[in-house]
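Student: Pasting a structure below so you can have a look.
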Amino acid sequence: MDAASFPDDIEDAKATELDRLGSQQALVALTDADLDAETVLRAAARSEETARETFAGWADSEENADAGETFAGLAEREADHYERVVAELEAEFSPTDETDPMHDYLRGLDTTVERAAGLVGRSLATDRTQLQVVNFFVNEADERRADLFRDLRDDTQEGVTVGTDLLAAHCDGEDDWERAREVAEEVVQIAYDDYAETLQGMGLDPKPIC
């Protein structure tokens, strides 16, 4: 395994999970089936703030200076995303300390290789959910907000490249690449399991792909 093939290898290994995370049911899980614009925006704002906190924590504890700067830049980008989404809300919004299983796992990663791989996995999973946010606003005939989330999704997709570049710089041998693969796949799996459990709790089947 190497940097050139890494993202495709993860997508191939977790194809089913990623496809389901990109289904129309993604927003049902994200909003507890309350599919109105304000609820979608609030859920998106929470996601951006959670990601900001994760990347800021990595930046503060990262031993490698270059990687630390990269994670700090990601945190700043997520802070910008958060502000842009909150600006769309009609009511006042304050983030909570609640997180989700994927970010709980990400925050437990403590090496540069693991964090870079986690970034790849998180970017692949989140990209699918953000696609459904774009589609939601397209269906609402709200192209301005759809364009906002297209911009955010572009940044999320760039996270795959950022993570892969970090892996190329810091993986030292096959053991590192294997650990990176394990971490990236686990991130996607945790995101999917959380999605599936949420839907099952609503009496819905997570398997159909829409």
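Please note that chains go A, B, ... in the order of the structure tokens, that every chain numbers its residues from 1, and that ligands are numbered from 1 in the order shown.
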Do a neighbour search on Lys207 of chain A at 10 Å with only C-alpha atoms, toss out local chain neighbours closer than 3 positions, and write the hits as JSON, numbers by chain.

Tutor: {"A": [16, 17, 19, 20, 23, 25, 196, 199, 204, 210]}

Student: Choose the residue, out of A:Met102, A:Val40, A:Ala72, A:Ala3, that has the smallest atom-to-atom separation from His170 of chain A; count only C-alpha atoms.

Tutor: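 Nearest candidate to His170 of chain A out of A:Met102, A:Val40, A:Ala72, A:Ala3: A:Ala3.
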
Student: Which of these residues is nearest to Val113 of chain A, using only C-alpha atoms: A:Leu131, A:Arg144, A:Glu178, A:Asp151?

Tutor: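 Residue with the minimum atom-to-atom distance to Val113 of chain A: A:Glu178.
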
Student: Considering only alpha helix (DSSP H) as DSSP defines it on the backbone, what residues of segment 31-203 of chain A qualify? List them as a count of residues only.

Tutor: 139

Student: Rank nothing, just name the residue among A:Gln132, A:Gln189, A:Thr39, A:Asn64 nearest to Leu89 of chain A, using only C-alpha atoms.

Tutor: A:Thr39

Student: Give me the residues near Leu124 of chain A as a ChimeraX atom specification, where near means some atom within 12 Å (using only C-alpha atoms) and where sequence neighbours in that chain fewer than 6 positions away do not count.

Tutor: /A:6-12,14-15,17-19,21-22,117-118,130-131,153-161,163-164,184-189,191-192

Student: Give me a file of those residues, with C-alpha atoms, as an mmCIF file, in the first residue's frame.

Tutor:
data_model
loop_
_atom_site.group_PDB
_atom_site.id
_atom_site.type_symbol
_atom_site.label_atom_id
_atom_site.label_comp_id
_atom_site.auth_asym_id
_atom_site.auth_seq_id
_atom_site.Cartn_x
_atom_site.Cartn_y
_atom_site.Cartn_z
ATOM 1 C CA PHE A 6 -4.599 4.486 -0.062
ATOM 2 C CA PRO A 7 -7.904 6.404 -0.476
ATOM 3 C CA ASP A 8 -9.146 4.058 -3.199
ATOM 4 C CA ASP A 9 -8.225 1.041 -1.077
ATOM 5 C CA ILE A 10 -10.275 2.379 1.833
ATOM 6 C CA GLU A 11 -13.228 3.207 -0.417
ATOM 7 C CA ASP A 12 -13.117 -0.264 -1.930
ATOM 8 C CA LYS A 14 -15.784 0.057 2.937
ATOM 9 C CA ALA A 15 -17.844 0.537 -0.225
ATOM 10 C CA GLU A 17 -20.845 1.389 4.377
ATOM 11 C CA LEU A 18 -19.967 4.511 2.406
ATOM 12 C CA ASP A 19 -22.809 3.948 -0.040
ATOM 13 C CA LEU A 21 -23.881 6.765 4.534
ATOM 14 C CA GLY A 22 -24.580 8.578 1.259
ATOM 15 C CA ALA A 117 -5.496 8.001 8.526
ATOM 16 C CA GLY A 118 -8.365 9.108 10.730
ATOM 17 C CA GLN A 130 -22.716 16.449 3.152
ATOM 18 C CA LEU A 131 -23.850 15.324 -0.282
ATOM 19 C CA ARG A 153 -18.066 19.502 0.839
ATOM 20 C CA ASP A 154 -15.172 20.540 -1.408
ATOM 21 C CA ASP A 155 -13.137 21.318 1.718
ATOM 22 C CA THR A 156 -14.104 17.985 3.249
ATOM 23 C CA GLN A 157 -12.995 16.135 0.133
ATOM 24 C CA GLU A 158 -9.685 17.992 0.303
ATOM 25 C CA GLY A 159 -9.196 16.355 3.695
ATOM 26 C CA VAL A 160 -8.584 13.070 1.885
ATOM 27 C CA THR A 161 -5.629 14.623 0.070
ATOM 28 C CA GLY A 163 -4.466 13.098 5.163
ATOM 29 C CA THR A 164 -2.866 11.102 2.385
ATOM 30 C CA ALA A 184 -9.237 4.652 8.318
ATOM 31 C CA GLU A 185 -11.485 1.628 7.901
ATOM 32 C CA GLU A 186 -12.442 1.728 11.582
ATOM 33 C CA VAL A 187 -13.447 5.390 11.322
ATOM 34 C CA VAL A 188 -15.795 4.615 8.431
ATOM 35 C CA GLN A 189 -17.166 1.578 10.234
ATOM 36 C CA ALA A 191 -19.624 6.266 11.431
ATOM 37 C CA TYR A 192 -21.736 3.631 9.700
#

Student: Find the residues near segment 110-112 of chain A: any atom within 8 Å, counting only C-alpha atoms, skip ones fewer than 2 places away on the same chain, and give them as JSON, numbers by chain.

Tutor: {"A": [58, 62, 64, 67, 107, 108, 114, 115, 116, 166, 170]}

Student: By how many Å are atom CA of Thr198 of chain A and atom CA of Gln24 of chain A apart?

Tutor: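 That distance, rounded to one decimal, is 14.1 Å.
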
Student: When you look at His103 of chain A with a cut-off of 8 Å (counting only C-alpha atoms), what residues show up, excluding the ones that are within fewer than 2 positions of it in the same chain? I need them as a CSV table (one decimal) with N, CA and C atoms, in the first residue's frame.

Tutor:
chain,number,residue,atom,x,y,z
A,50,THR,N,-17.9,20.0,16.2
A,50,THR,CA,-17.3,18.8,16.7
A,50,THR,C,-16.0,18.5,16.0
A,51,ALA,N,-16.0,18.7,14.7
A,51,ALA,CA,-14.8,18.5,13.9
A,51,ALA,C,-13.7,19.5,14.3
A,54,THR,N,-12.1,18.5,17.5
A,54,THR,CA,-11.2,17.3,17.3
A,54,THR,C,-9.8,17.7,16.7
A,99,THR,N,-20.6,14.8,21.7
A,99,THR,CA,-19.9,14.4,20.5
A,99,THR,C,-20.5,13.1,19.9
A,100,ASP,N,-19.9,12.4,19.1
A,100,ASP,CA,-20.4,11.2,18.5
A,100,ASP,C,-19.4,10.2,18.5
A,101,PRO,N,-19.8,8.9,18.2
A,101,PRO,CA,-18.8,7.8,18.3
A,101,PRO,C,-17.6,8.0,17.4
A,105,TYR,N,-13.7,8.3,18.8
A,105,TYR,CA,-12.6,7.5,18.4
A,105,TYR,C,-11.4,8.3,17.8
A,106,LEU,N,-11.7,9.3,17.0
A,106,LEU,CA,-10.7,10.2,16.5
A,106,LEU,C,-9.9,10.8,17.5
A,107,ARG,N,-10.5,11.3,18.6
A,107,ARG,CA,-9.8,12.0,19.7
A,107,ARG,C,-8.9,11.1,20.5
